[in-house]
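One file, structure35.tsv, is given below (TSV, C-alpha atoms).
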chain	number	residue	atom	x	y	z
A	32	MET	CA	48.33	12.66	-9.71
A	33	ASN	CA	49.58	11.87	-6.25
A	34	LYS	CA	48.20	8.97	-4.23
A	35	ARG	CA	46.70	11.14	-1.45
A	36	LYS	CA	44.75	13.28	-3.94
A	37	LEU	CA	43.49	10.14	-5.74
A	38	ASN	CA	42.27	8.59	-2.45
A	39	GLY	CA	40.51	11.86	-1.59
A	40	LEU	CA	38.72	11.85	-4.95
A	41	ARG	CA	37.65	8.23	-4.45
A	42	ALA	CA	36.26	9.03	-1.00
A	43	LEU	CA	34.39	12.02	-2.43
A	44	ALA	CA	32.93	9.83	-5.23
A	45	VAL	CA	31.76	7.21	-2.69
A	46	LEU	CA	30.15	9.91	-0.54
A	47	ALA	CA	28.41	11.46	-3.58
A	48	PHE	CA	27.07	8.04	-4.62
A	49	ALA	CA	25.76	7.34	-1.09
A	50	LEU	CA	23.99	10.71	-0.96
A	51	LEU	CA	22.47	10.18	-4.42
A	52	ALA	CA	21.29	6.65	-3.55
A	53	GLY	CA	19.74	7.87	-0.28
A	54	THR	CA	17.96	10.71	-2.07
A	55	VAL	CA	16.55	8.36	-4.74
A	56	ALA	CA	15.37	5.92	-2.03
A	57	ALA	CA	13.63	8.74	-0.16
A	58	ILE	CA	11.90	10.06	-3.28
A	59	PHE	CA	10.88	6.64	-4.66
A	60	PRO	CA	10.28	4.40	-1.61
A	61	GLN	CA	9.59	0.73	-2.33
A	62	PRO	CA	8.01	-1.63	0.19
A	63	LEU	CA	10.42	-4.26	1.40
A	64	SER	CA	9.69	-7.88	0.62
A	65	ALA	CA	11.10	-11.06	2.04
A	66	GLN	CA	14.04	-12.39	0.10
A	67	GLY	CA	13.08	-15.13	-2.29
A	68	GLY	CA	9.35	-14.35	-2.33
A	69	SER	CA	7.79	-13.82	-5.73
A	70	VAL	CA	4.26	-12.40	-6.04
A	71	THR	CA	2.74	-13.12	-9.45
A	72	GLY	CA	-0.81	-11.94	-8.82
A	73	ALA	CA	-3.86	-11.94	-6.57
A	74	THR	CA	-7.39	-13.34	-6.78
A	75	LEU	CA	-10.54	-11.62	-5.54
A	76	THR	CA	-12.58	-13.75	-3.08
A	77	TRP	CA	-15.39	-11.38	-1.96
A	78	TYR	CA	-16.34	-7.66	-2.02
A	79	GLY	CA	-18.80	-5.26	-0.45
A	80	VAL	CA	-19.79	-4.16	3.06
A	81	TYR	CA	-18.08	-6.32	5.68
A	82	THR	CA	-17.75	-6.34	9.46
A	83	ALA	CA	-14.74	-6.60	11.77
A	84	ALA	CA	-14.86	-7.92	15.34
A	85	THR	CA	-12.05	-5.53	16.36
A	86	SER	CA	-10.31	-2.63	14.71
A	87	THR	CA	-7.06	-1.09	15.95
A	88	SER	CA	-5.92	2.31	14.72
A	89	VAL	CA	-2.21	2.25	13.82
A	90	SER	CA	-2.03	5.79	12.40
A	91	SER	CA	-4.41	8.51	11.29
A	92	THR	CA	-4.96	6.67	7.98
A	93	LYS	CA	-4.33	3.03	8.89
A	94	GLU	CA	-6.38	0.50	10.87
A	95	ILE	CA	-5.84	-3.20	11.38
A	96	GLY	CA	-9.03	-5.25	11.61
A	97	THR	CA	-9.49	-8.77	12.95
A	98	GLY	CA	-12.41	-11.17	12.93
A	99	ILE	CA	-13.42	-10.13	9.42
A	100	LYS	CA	-16.84	-11.32	8.26
A	101	PRO	CA	-17.35	-10.95	4.48
A	102	PRO	CA	-20.72	-9.83	3.12
A	103	ALA	CA	-23.43	-12.45	2.51
A	104	THR	CA	-23.78	-11.05	-1.03
A	105	ASN	CA	-21.10	-9.28	-3.06
A	106	SER	CA	-22.01	-5.70	-3.90
A	107	ASP	CA	-20.18	-2.70	-5.30
A	108	ARG	CA	-23.10	-0.25	-4.89
A	109	ILE	CA	-23.14	1.05	-1.33
A	110	SER	CA	-25.60	3.32	0.49
A	111	LEU	CA	-24.31	5.83	3.01
A	112	PRO	CA	-25.17	4.89	6.57
A	113	SER	CA	-27.76	7.09	8.31
A	114	SER	CA	-25.52	7.05	11.41
A	115	GLY	CA	-22.24	5.48	12.43
A	116	SER	CA	-19.89	3.96	9.89
A	117	ILE	CA	-19.53	1.01	7.53
A	118	LEU	CA	-16.55	-0.90	6.16
A	119	ILE	CA	-16.29	-1.49	2.42
A	120	GLY	CA	-13.62	-3.58	0.77
A	121	TYR	CA	-12.67	-6.96	-0.60
A	122	GLY	CA	-10.92	-10.17	0.33
A	123	TYR	CA	-8.14	-11.67	-1.74
A	124	ASN	CA	-5.50	-14.39	-1.94
A	125	LEU	CA	-1.94	-13.74	-3.04
A	126	VAL	CA	-0.51	-15.89	-5.82
A	127	GLY	CA	3.22	-16.58	-5.80
A	128	SER	CA	5.98	-18.65	-4.35
A	129	PRO	CA	7.19	-19.93	-2.06
A	130	PRO	CA	3.86	-20.21	-0.22
A	131	THR	CA	5.48	-19.25	3.09
A	132	ALA	CA	7.12	-16.05	1.81
A	133	LEU	CA	6.31	-12.80	3.61
A	134	VAL	CA	5.86	-9.73	1.43
A	135	ALA	CA	4.91	-6.06	1.72
A	136	LEU	CA	1.96	-4.61	-0.17
A	137	THR	CA	0.78	-1.05	-0.68
A	138	TYR	CA	-2.96	-0.53	-0.21
A	139	ARG	CA	-4.16	2.50	-2.17
A	140	THR	CA	-7.57	4.16	-1.78
A	141	LEU	CA	-8.66	6.57	-4.53
A	142	PHE	CA	-11.35	8.96	-3.29
A	143	PRO	CA	-14.20	10.54	-5.32
A	144	ASP	CA	-12.41	13.91	-5.40
A	145	GLY	CA	-9.35	12.37	-7.10
A	146	HIS	CA	-6.89	12.29	-4.22
A	147	TYR	CA	-5.48	9.03	-2.93
A	148	GLN	CA	-3.99	7.57	0.22
A	149	ASP	CA	-1.38	4.81	0.48
A	150	ASN	CA	-0.66	2.52	3.41
A	151	VAL	CA	2.02	-0.18	3.46
A	152	TYR	CA	1.24	-3.51	5.10
A	153	ASP	CA	4.24	-5.78	5.50
A	154	ARG	CA	4.85	-9.38	6.50
A	155	LEU	CA	1.80	-10.69	4.60
A	156	ALA	CA	2.11	-14.39	3.76
A	157	ILE	CA	1.51	-15.52	0.20
A	158	ASN	CA	-0.57	-18.52	1.32
A	159	ARG	CA	-2.92	-16.67	3.72
A	160	LYS	CA	-6.63	-17.04	2.97
A	161	ASP	CA	-7.85	-14.12	5.12
A	162	LEU	CA	-6.25	-11.09	3.44
A	163	PHE	CA	-8.44	-8.05	2.77
A	164	ILE	CA	-8.35	-4.33	1.98
A	165	GLY	CA	-10.98	-1.93	3.25
A	166	GLN	CA	-12.07	1.63	3.85
A	167	ARG	CA	-14.22	2.99	6.68
A	168	LEU	CA	-17.02	5.29	5.49
A	169	ASN	CA	-19.51	7.32	7.54
A	170	THR	CA	-22.27	9.89	7.13
A	171	GLU	CA	-19.62	12.54	6.37
A	172	SER	CA	-18.09	10.55	3.50
A	173	ALA	CA	-18.53	11.96	0.02
A	174	ALA	CA	-20.80	10.19	-2.43
A	175	GLY	CA	-19.07	8.91	-5.56
A	176	THR	CA	-16.61	6.23	-6.58
A	177	TYR	CA	-14.05	4.79	-4.16
A	178	THR	CA	-11.41	2.55	-5.71
A	179	LEU	CA	-9.29	0.15	-3.64
A	180	GLN	CA	-6.03	-1.06	-5.19
A	181	ILE	CA	-3.29	-3.44	-4.08
A	182	TRP	CA	0.28	-2.83	-5.31
A	183	HIS	CA	3.47	-4.86	-5.04
A	184	SER	CA	6.88	-3.76	-6.34
A	185	GLY	CA	5.39	-1.13	-8.66
A	186	ALA	CA	2.73	-3.42	-10.15
A	187	MET	CA	-1.00	-3.27	-9.42
A	188	LEU	CA	-2.29	-6.70	-8.37
A	189	LEU	CA	-6.00	-5.96	-7.83
A	190	GLU	CA	-8.46	-3.10	-8.19
A	191	LYS	CA	-12.12	-2.85	-7.25
A	192	SER	CA	-14.37	0.23	-7.33
A	193	PHE	CA	-17.40	0.93	-5.16
A	194	THR	CA	-20.12	3.48	-5.85
A	195	LEU	CA	-21.26	5.24	-2.69
A	196	ARG	CA	-24.67	6.95	-2.89

Since I need it in another form, could you write the structure as structure tokens?
Amino acid sequence: MNKRKLNGLRALAVLAFALLAGTVAAIFPQPLSAQGGSVTGATLTWYGVYTAATSTSVSSTKEIGTGIKPPATNSDRISLPSSGSILIGYGYNLVGSPPTALVALTYRTLFPDGHYQDNVYDRLAINRKDLFIGQRLNTESAAGTYTLQIWHSGAMLLEKSFTLR
């Protein structure tokens, strides 16, 4: 085989590999994590109806809250509000090393009808004590079980379900 034909085949093979790798990455996206950070788990610190001093909408499905005040008493049985909205969720701490590593987590909400919604939150520090996941519910929300999960690199770290009546 001549050298020109061989180089052409190599270039074609490299192009095919790049297209295949890009397709796989698009079909199976993984949140990026900081190099060297290792998440080994998470611990639940509180759960129930909480309040947020401010809430900023980032997309149609994603809000970022600040000034989070956990519930006085943990509860996973929630009553629908008669008007307005409530925030349900839980606080957690990440377990891993090094304690200053920044990682990306996927927050998944499973709704009573079986569908789910994922949002990726990145640059979360392993040693932070104020991490939380939540869902805003209002008078239009369906009664039933809402489950909030936290995922990292294909592994579920935490899961908590709430019964809305």

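If only C-alpha atoms are the atoms counted, then among A:Lys100, A:His146, A:Lys191, A:Arg139 the closest residue to Leu162 (chain A) is A:Lys100.
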
Which of these residues is nearest to Leu111 (chain A), using only C-alpha atoms: A:Thr170, A:Ser184, A:Thr92, A:Thr178?
A:Thr170

Of A:Leu195, A:Leu188, A:Ile119, A:Val151, the one sitting nearest Arg167 (chain A) when using all atoms listed in the file is A:Ile119

Looking at only C-alpha atoms, which of A:Tyr81, A:Tyr177, A:Phe163, A:Trp182 is the one that sits closest to Val134 (chain A)?
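Of the candidates, the smallest distance to Val134 (chain A) is held by A:Trp182.
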
Go through A:Ile99, A:Ala135, A:Val126, A:Ile109 one by one, measure the shortest atom-to-atom distance of each to Ala73 (chain A) using all atoms listed in the file, and give the residue with the smallest value.
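Of A:Ile99, A:Ala135, A:Val126, A:Ile109, the one nearest Ala73 (chain A), counting all atoms listed in the file, is A:Val126.
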
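Within 6 Å of the point (-0.7, 2.8, 0.9), counting only C-alpha atoms, the protein and nucleic acid residues come to Thr137, Tyr138, Arg139, Gln148, Asp149, Asn150 and Val151 of chain A.
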
Would you mind completing region 105-116 of chain A to N, CA, C and O atoms and writing the output as a PDB file, in the frame of the given file?
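Output contents, as saved in out10.pdb:
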ATOM      1  N   ASN A 105     -22.024 -10.281  -2.518  1.00  0.00           N
ATOM      2  CA  ASN A 105     -21.100  -9.280  -3.060  1.00  0.00           C
ATOM      3  C   ASN A 105     -21.870  -8.111  -3.633  1.00  0.00           C
ATOM      4  O   ASN A 105     -22.899  -8.292  -4.280  1.00  0.00           O
ATOM      5  N   SER A 106     -21.366  -6.899  -3.374  1.00  0.00           N
ATOM      6  CA  SER A 106     -22.010  -5.700  -3.900  1.00  0.00           C
ATOM      7  C   SER A 106     -20.994  -4.586  -4.027  1.00  0.00           C
ATOM      8  O   SER A 106     -20.180  -4.379  -3.130  1.00  0.00           O
ATOM      9  N   ASP A 107     -21.052  -3.848  -5.137  1.00  0.00           N
ATOM     10  CA  ASP A 107     -20.180  -2.700  -5.300  1.00  0.00           C
ATOM     11  C   ASP A 107     -20.961  -1.381  -5.353  1.00  0.00           C
ATOM     12  O   ASP A 107     -20.430  -0.338  -5.663  1.00  0.00           O
ATOM     13  N   ARG A 108     -22.251  -1.440  -5.026  1.00  0.00           N
ATOM     14  CA  ARG A 108     -23.100  -0.250  -4.890  1.00  0.00           C
ATOM     15  C   ARG A 108     -23.497  -0.151  -3.426  1.00  0.00           C
ATOM     16  O   ARG A 108     -24.198  -1.016  -2.906  1.00  0.00           O
ATOM     17  N   ILE A 109     -23.031   0.919  -2.781  1.00  0.00           N
ATOM     18  CA  ILE A 109     -23.140   1.050  -1.330  1.00  0.00           C
ATOM     19  C   ILE A 109     -23.949   2.294  -0.988  1.00  0.00           C
ATOM     20  O   ILE A 109     -23.736   3.361  -1.562  1.00  0.00           O
ATOM     21  N   SER A 110     -24.854   2.168  -0.015  1.00  0.00           N
ATOM     22  CA  SER A 110     -25.600   3.320   0.490  1.00  0.00           C
ATOM     23  C   SER A 110     -24.916   3.862   1.726  1.00  0.00           C
ATOM     24  O   SER A 110     -24.443   3.100   2.574  1.00  0.00           O
ATOM     25  N   LEU A 111     -24.882   5.193   1.815  1.00  0.00           N
ATOM     26  CA  LEU A 111     -24.310   5.830   3.010  1.00  0.00           C
ATOM     27  C   LEU A 111     -25.099   5.436   4.241  1.00  0.00           C
ATOM     28  O   LEU A 111     -26.337   5.360   4.186  1.00  0.00           O
ATOM     29  N   PRO A 112     -24.435   5.203   5.354  1.00  0.00           N
ATOM     30  CA  PRO A 112     -25.170   4.890   6.570  1.00  0.00           C
ATOM     31  C   PRO A 112     -25.888   6.139   7.098  1.00  0.00           C
ATOM     32  O   PRO A 112     -25.412   7.255   6.916  1.00  0.00           O
ATOM     33  N   SER A 113     -27.036   5.946   7.735  1.00  0.00           N
ATOM     34  CA  SER A 113     -27.760   7.090   8.310  1.00  0.00           C
ATOM     35  C   SER A 113     -27.060   7.570   9.586  1.00  0.00           C
ATOM     36  O   SER A 113     -27.177   8.730   9.962  1.00  0.00           O
ATOM     37  N   SER A 114     -26.337   6.675  10.242  1.00  0.00           N
ATOM     38  CA  SER A 114     -25.520   7.050  11.410  1.00  0.00           C
ATOM     39  C   SER A 114     -24.396   6.024  11.538  1.00  0.00           C
ATOM     40  O   SER A 114     -24.470   4.919  11.007  1.00  0.00           O
ATOM     41  N   GLY A 115     -23.357   6.391  12.238  1.00  0.00           N
ATOM     42  CA  GLY A 115     -22.240   5.480  12.430  1.00  0.00           C
ATOM     43  C   GLY A 115     -21.386   5.341  11.184  1.00  0.00           C
ATOM     44  O   GLY A 115     -21.284   6.262  10.380  1.00  0.00           O
ATOM     45  N   SER A 116     -20.768   4.175  11.035  1.00  0.00           N
ATOM     46  CA  SER A 116     -19.890   3.960   9.890  1.00  0.00           C
ATOM     47  C   SER A 116     -20.042   2.538   9.361  1.00  0.00           C
ATOM     48  O   SER A 116     -20.625   1.674  10.013  1.00  0.00           O
TER      49      SER A 116
END
